[in-house]
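Asker: To start, I am sharing the structure in question, which I have written as structure tokens.
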There are 2 protein chains.
Amino acid sequence: MLPEKRVNISQVAALAGVSKQTVSRVVNASPNVAKETRERVMQAIAQLGFRPSATARNLSQGRSYTLAVVGSNLGFLATDLYQGAAAQAEDMGYGLLLRTLADSSVEQVEALLLSLLDLQVDGVLWAIPDVGGNRAWLDSGLLSRIPLPVVFMSSEPRDGTVTVSFDNFDGARIATQHLIDSGHTCIAHLSGPLDWWVARERVRGWRAALTAAALPVDDGLIVEGDWSPAAGEQAMGRLLDTRRDIDAVFVANDRMALGALLAAHRRGVQVPQQLAVIGFDNIIESACFHPPLTTVLQDKRHHGEIAIATLAREVEVRLSGKPLAPRSTEELGHSLIVRESSGQV
Amino acid sequence: MLPEKRVNISQVAALAGVSKQTVSRVVNASPNVAKETRERVMQAIAQLGFRPSATARNLSQGRSYTLAVVGSNLGFLATDLYQGAAAQAEDMGYGLLLRTLADSSVEQVEALLLSLLDLQVDGVLWAIPDVGGNRAWLDSGLLSRIPLPVVFMSSEPRDGTVTVSFDNFDGARIATQHLIDSGHTCIAHLSGPLDWWVARERVRGWRAALTAAALPVDDGLIVEGDWSPAAGEQAMGRLLDTRRDIDAVFVANDRMALGALLAAHRRGVQVPQQLAVIGFDNIIESACFHPPLTTVLQDKRHHGEIAIATLAREVEVRLSGKPLAPRSTEELGHSLIVRESSGQV
DNA sequence: TTACAACTTGTTACCGGTAACAATCTATTA
DNA sequence: TAATAGATTGTTACCGGTAACAAGTTGTAA
């Protein structure tokens, strides 16, 4: 039965013949309520169809049980990540508020955080990737002036921040190592834009694997793209046209790898016979590339879940009054998905 | 200057020597405040760093200036759509709350809507695609018992609902017509799961185009997939192995089209010379398929924007007390992106 | 001069909960 | 038997705004 107008706690109290506070205790499962009283109140609640107002609770408790996710228009956030974040938040009793930020200037970031504070949001998940100077606002000390826990995703760890990121260095190392293990010796790299932290990490992983195998690390083997398939095609084309010696390529994401495959086809270069290709991300399409792409799996859904769980923990720590750890980093691992494009030599 | 503790409206009032109400008027830009009073209040606001509590306003106004987006784990919602929705909501002064729903039973849906009501959410964007019986809860009359405007995305229009959808019928017609115009006469269709409304609409569009061109409409030319690349490969394989007469195929989404291309490659079937392929969606990858895929563009970002704008309008109509239109539908158009895969005969 | 409208500001009550503390009652212990 | 702890319930104040109405001031028209 849905009543015409919302029933409030006082009406329930009146019907049950108790005070508002007792009803509140029953609603919040406080142990200190006599069994019969509890039953009487619960019956009144059921009879009236009472549902407590989250808004009123927010006001009186000074918190909203809501976490904000801040994204950008960089097109970085996978749907999976949102799904994981939303599911985890719901599991833990939080709602998820979506915000976007166009420009990471100190003023804009401050305006955003203040507006979240106005909403009594409990914490913030910073889901904008670490690109160029878009973390510069951290140097302003804004974060310590604003009493709001923030967890950063895909960010270089820094003092005073909590981050949850994939270990892109290791993922790239694994990818490159796989090419080395398959017998390739001249391994190029199509990187993402080098102002992206994750792109630099992947370059670093590629470099580390080559160095460890005593293979030449030639900067001429790196070509920078912008993550798009078109950029992958162009970069691979340039590489194939100028460096006839390469026999394998580690591409920093699957989308660019798709472009790379197209560039190879267009030039009659056989994959994997003449050129082995490995990607990164394991997007669903990669299983049906021509040929199916060997790649490195990033479980984005898991990333979203862990990030929210970490943030929720951070929220609780703050509420409990304990001092925050000055820095904390959570790193997620990868796994290799071997398909045809990296075929053995 | 950020004060230690939040400043409230009474402190501002005291400093400016006016009543709370006058401060409230200034904050809300009410016209009935004398210029000097306004200035004095604004100065006090600036001096104290006062920011009104959104929570308190929510409680007293009975609304939250927040819209909820309800998604599912069907993996249907593109990032673009969220971006469009979030941007539009922010532009219009609303926040966006993300919720997921695992199961569309009447009980679950009721629980969800009631919990949104507890939060004083202003409206709901139903972003779960119309699949199987997952709109059956509408028949329970739940929607009319719950005073909350709901806008449905990608849904079959029904009485008592407001929908914002692409005109999938027309998009599919355009796609098929393009194959016909290119001189193809035996055009197959790889459809999405037929319990999806959008999949059925696309089948209908395909059928209509063939009928209009007086081409045979053979149910044996339809193979059903599950939107995934792997399903596309399998379905296309089955088709190629059994129907040597087809010379073109309209695939219901780009992902399956990718699988279809792989199936063709694997069988030595040349695209587009022996088989023309057209997809649907224009995912970014499709430009670098092998060959680049002709497809139909759906502007998901726009979809999100229009949906939120429609919902916001619906919210305002409710608040103004006017009766709601019993049904309203907004349809979004498509455009054709011609690339190599559909090459002229 | 009076009356009335328009503008400006204040008063009071209320939105619907929770925190903090007080009060009452019962059972156990000294 | 009195003191005290523990369980239960109520009282009061408060979270921070806004709605509705009242009241005072000023200017203009009758």
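Identifiers in the structure tokens: chain A, B, ... in order shown; residue index from 1 per chain; ligand index from 1 in order shown.
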Name all residues at most 10 Å from DC4 of chain C (count only C-alpha atoms (C1' of nucleotides); drop same-chain ones fewer than 3 positions away) and give them as a list in words.
Answerer: DT28, DA29 and DA30 of chain D
Asker: Store the residues picked out above in a file with all heavy atoms, as a PDB file, in the first residue's frame.
Answerer:
ATOM      1  P    DT D  28       6.548  58.707  -6.646  1.00  0.00           P
ATOM      2  OP1  DT D  28       7.436  58.583  -7.837  1.00  0.00           O
ATOM      3  OP2  DT D  28       6.571  59.947  -5.829  1.00  0.00           O
ATOM      4  O5'  DT D  28       5.065  58.418  -7.098  1.00  0.00           O
ATOM      5  C5'  DT D  28       4.680  57.068  -7.426  1.00  0.00           C
ATOM      6  C4'  DT D  28       3.163  56.954  -7.377  1.00  0.00           C
ATOM      7  O4'  DT D  28       2.725  56.891  -5.980  1.00  0.00           O
ATOM      8  C3'  DT D  28       2.417  58.148  -7.992  1.00  0.00           C
ATOM      9  O3'  DT D  28       1.333  57.663  -8.769  1.00  0.00           O
ATOM     10  C2'  DT D  28       1.911  58.927  -6.788  1.00  0.00           C
ATOM     11  C1'  DT D  28       1.643  57.792  -5.803  1.00  0.00           C
ATOM     12  N1   DT D  28       1.605  58.169  -4.369  1.00  0.00           N
ATOM     13  C2   DT D  28       0.601  57.655  -3.577  1.00  0.00           C
ATOM     14  O2   DT D  28      -0.254  56.909  -3.987  1.00  0.00           O
ATOM     15  N3   DT D  28       0.652  58.049  -2.258  1.00  0.00           N
ATOM     16  C4   DT D  28       1.577  58.903  -1.670  1.00  0.00           C
ATOM     17  O4   DT D  28       1.514  59.183  -0.485  1.00  0.00           O
ATOM     18  C5   DT D  28       2.590  59.405  -2.569  1.00  0.00           C
ATOM     19  C7   DT D  28       3.640  60.336  -2.038  1.00  0.00           C
ATOM     20  C6   DT D  28       2.568  59.021  -3.861  1.00  0.00           C
ATOM     21  P    DA D  29       0.720  58.624  -9.893  1.00  0.00           P
ATOM     22  OP1  DA D  29       1.195  58.110 -11.210  1.00  0.00           O
ATOM     23  OP2  DA D  29       0.936  60.044  -9.529  1.00  0.00           O
ATOM     24  O5'  DA D  29      -0.825  58.297  -9.773  1.00  0.00           O
ATOM     25  C5'  DA D  29      -1.231  56.946  -9.485  1.00  0.00           C
ATOM     26  C4'  DA D  29      -2.553  56.960  -8.735  1.00  0.00           C
ATOM     27  O4'  DA D  29      -2.310  57.337  -7.343  1.00  0.00           O
ATOM     28  C3'  DA D  29      -3.567  57.969  -9.278  1.00  0.00           C
ATOM     29  O3'  DA D  29      -4.870  57.391  -9.252  1.00  0.00           O
ATOM     30  C2'  DA D  29      -3.466  59.143  -8.318  1.00  0.00           C
ATOM     31  C1'  DA D  29      -3.144  58.436  -7.003  1.00  0.00           C
ATOM     32  N9   DA D  29      -2.396  59.257  -6.046  1.00  0.00           N
ATOM     33  C8   DA D  29      -1.326  60.067  -6.287  1.00  0.00           C
ATOM     34  N7   DA D  29      -0.870  60.679  -5.214  1.00  0.00           N
ATOM     35  C5   DA D  29      -1.705  60.228  -4.197  1.00  0.00           C
ATOM     36  C6   DA D  29      -1.738  60.503  -2.812  1.00  0.00           C
ATOM     37  N6   DA D  29      -0.879  61.325  -2.200  1.00  0.00           N
ATOM     38  N1   DA D  29      -2.694  59.892  -2.080  1.00  0.00           N
ATOM     39  C2   DA D  29      -3.549  59.071  -2.707  1.00  0.00           C
ATOM     40  N3   DA D  29      -3.605  58.737  -3.998  1.00  0.00           N
ATOM     41  C4   DA D  29      -2.647  59.353  -4.690  1.00  0.00           C
ATOM     42  P    DA D  30      -6.061  58.180  -9.903  1.00  0.00           P
ATOM     43  OP1  DA D  30      -6.727  57.229 -10.822  1.00  0.00           O
ATOM     44  OP2  DA D  30      -5.589  59.485 -10.408  1.00  0.00           O
ATOM     45  O5'  DA D  30      -7.008  58.435  -8.664  1.00  0.00           O
ATOM     46  C5'  DA D  30      -7.449  57.322  -7.877  1.00  0.00           C
ATOM     47  C4'  DA D  30      -8.166  57.838  -6.639  1.00  0.00           C
ATOM     48  O4'  DA D  30      -7.212  58.547  -5.798  1.00  0.00           O
ATOM     49  C3'  DA D  30      -9.291  58.843  -6.931  1.00  0.00           C
ATOM     50  O3'  DA D  30     -10.382  58.590  -6.056  1.00  0.00           O
ATOM     51  C2'  DA D  30      -8.671  60.184  -6.628  1.00  0.00           C
ATOM     52  C1'  DA D  30      -7.707  59.836  -5.502  1.00  0.00           C
ATOM     53  N9   DA D  30      -6.547  60.737  -5.404  1.00  0.00           N
ATOM     54  C8   DA D  30      -5.771  61.221  -6.420  1.00  0.00           C
ATOM     55  N7   DA D  30      -4.792  62.007  -6.014  1.00  0.00           N
ATOM     56  C5   DA D  30      -4.940  62.036  -4.641  1.00  0.00           C
ATOM     57  C6   DA D  30      -4.219  62.686  -3.614  1.00  0.00           C
ATOM     58  N6   DA D  30      -3.154  63.467  -3.841  1.00  0.00           N
ATOM     59  N1   DA D  30      -4.630  62.506  -2.344  1.00  0.00           N
ATOM     60  C2   DA D  30      -5.696  61.722  -2.115  1.00  0.00           C
ATOM     61  N3   DA D  30      -6.459  61.050  -2.995  1.00  0.00           N
ATOM     62  C4   DA D  30      -6.020  61.252  -4.246  1.00  0.00           C
TER      63       DA D  30
END
Asker: When you get a sec, could you note down which chain A residues fall within 6 Å of chain C, using only C-alpha atoms (C1' of nucleotides), as a PyMOL selection string?
Answerer: chain A and resi 56-57+60
Asker: Could you write those residues out with N, CA and C atoms, as an mmCIF file, in the first residue's frame?
Answerer:
data_model
loop_
_atom_site.group_PDB
_atom_site.id
_atom_site.type_symbol
_atom_site.label_atom_id
_atom_site.label_comp_id
_atom_site.auth_asym_id
_atom_site.auth_seq_id
_atom_site.Cartn_x
_atom_site.Cartn_y
_atom_site.Cartn_z
ATOM 1 N N ALA A 56 16.588 13.570 5.149
ATOM 2 C CA ALA A 56 16.589 14.045 6.532
ATOM 3 C C ALA A 56 17.756 13.434 7.295
ATOM 4 N N ARG A 57 18.012 12.180 7.039
ATOM 5 C CA ARG A 57 19.126 11.520 7.692
ATOM 6 C C ARG A 57 20.439 12.180 7.284
ATOM 7 N N SER A 60 20.868 15.434 9.202
ATOM 8 C CA SER A 60 21.164 15.345 10.628
ATOM 9 C C SER A 60 22.496 14.653 10.898
#
Asker: Taking only C-alpha atoms (C1' of nucleotides) into account, which residues of chain A are within 10 Å of chain D, as a list in words?
Answerer: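 So the contacting residues turn out to be Val18, Ser19, Lys20, Gln21, Thr22, Pro31, Asn32, Val33, Ala34, Thr37, Ala56, Arg57, Asn58, Leu59, Ser60, Gln61 and Gly62 of chain A.
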Asker: Dump C-alpha atoms for the selected residues as a PDB file, in the first residue's frame?
Answerer:
ATOM      1  CA  VAL A  18       6.255   5.563  21.471  1.00  0.00           C
ATOM      2  CA  SER A  19       8.623   8.450  20.845  1.00  0.00           C
ATOM      3  CA  LYS A  20      10.253   9.290  17.524  1.00  0.00           C
ATOM      4  CA  GLN A  21      13.556   8.245  18.956  1.00  0.00           C
ATOM      5  CA  THR A  22      12.356   4.742  19.625  1.00  0.00           C
ATOM      6  CA  PRO A  31      19.885  -3.457  20.177  1.00  0.00           C
ATOM      7  CA  ASN A  32      18.414  -1.510  23.056  1.00  0.00           C
ATOM      8  CA  VAL A  33      14.762  -1.884  22.256  1.00  0.00           C
ATOM      9  CA  ALA A  34      12.443  -4.297  24.032  1.00  0.00           C
ATOM     10  CA  THR A  37       8.158  -2.520  21.555  1.00  0.00           C
ATOM     11  CA  ALA A  56      16.589  14.045   6.532  1.00  0.00           C
ATOM     12  CA  ARG A  57      19.126  11.520   7.692  1.00  0.00           C
ATOM     13  CA  ASN A  58      21.763  13.167   5.529  1.00  0.00           C
ATOM     14  CA  LEU A  59      21.102  16.515   7.087  1.00  0.00           C
ATOM     15  CA  SER A  60      21.164  15.345  10.628  1.00  0.00           C
ATOM     16  CA  GLN A  61      24.154  13.074  10.244  1.00  0.00           C
ATOM     17  CA  GLY A  62      26.137  15.405   8.059  1.00  0.00           C
TER      18      GLY A  62
END
Asker: Please extract the residues of segment 54-156 of chain B with a backbone DSSP assignment of strand (DSSP E or B) and present them as a list in words.
Answerer: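 Everything in segment 54-156 of chain B that counts as strand (DSSP E or B) is Thr66, Leu67, Ala68, Val69, Val70, Gly71, Gly95, Leu96, Leu97, Leu98, Arg99, Thr100, Gly123, Val124, Leu125, Trp126, Val131, Val150, Val151, Phe152 and Met153 of chain B.
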Asker: Applying 9 Å and only C-alpha atoms (C1' of nucleotides), which residues near Ala172 of chain B remain after dropping the ones on its own chain fewer than 5 positions away? List them as a list of chain:residue names.
Answerer: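 Contacts, with the query itself left out: B:Asp167, B:Gln177, B:Glu201, B:Arg202, B:Val203, B:Arg204, B:Gly205, B:Trp206, B:Arg207, B:Ala209, B:Phe250, B:Ala252, B:Phe280, B:Val296.
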Asker: Could you write out as JSON, numbers by chain the residues of chain B within 8 Å of chain A, counting only C-alpha atoms?
Answerer: {"B": [2, 51, 52, 53, 54, 55, 56, 58, 59, 73, 75, 77, 78, 79, 80, 83, 86, 87, 90, 95, 96, 97, 98, 99, 100, 118, 119, 120, 145, 228, 229, 230, 233, 255, 258, 259, 262, 265, 284, 285, 287, 288, 289, 290, 291]}
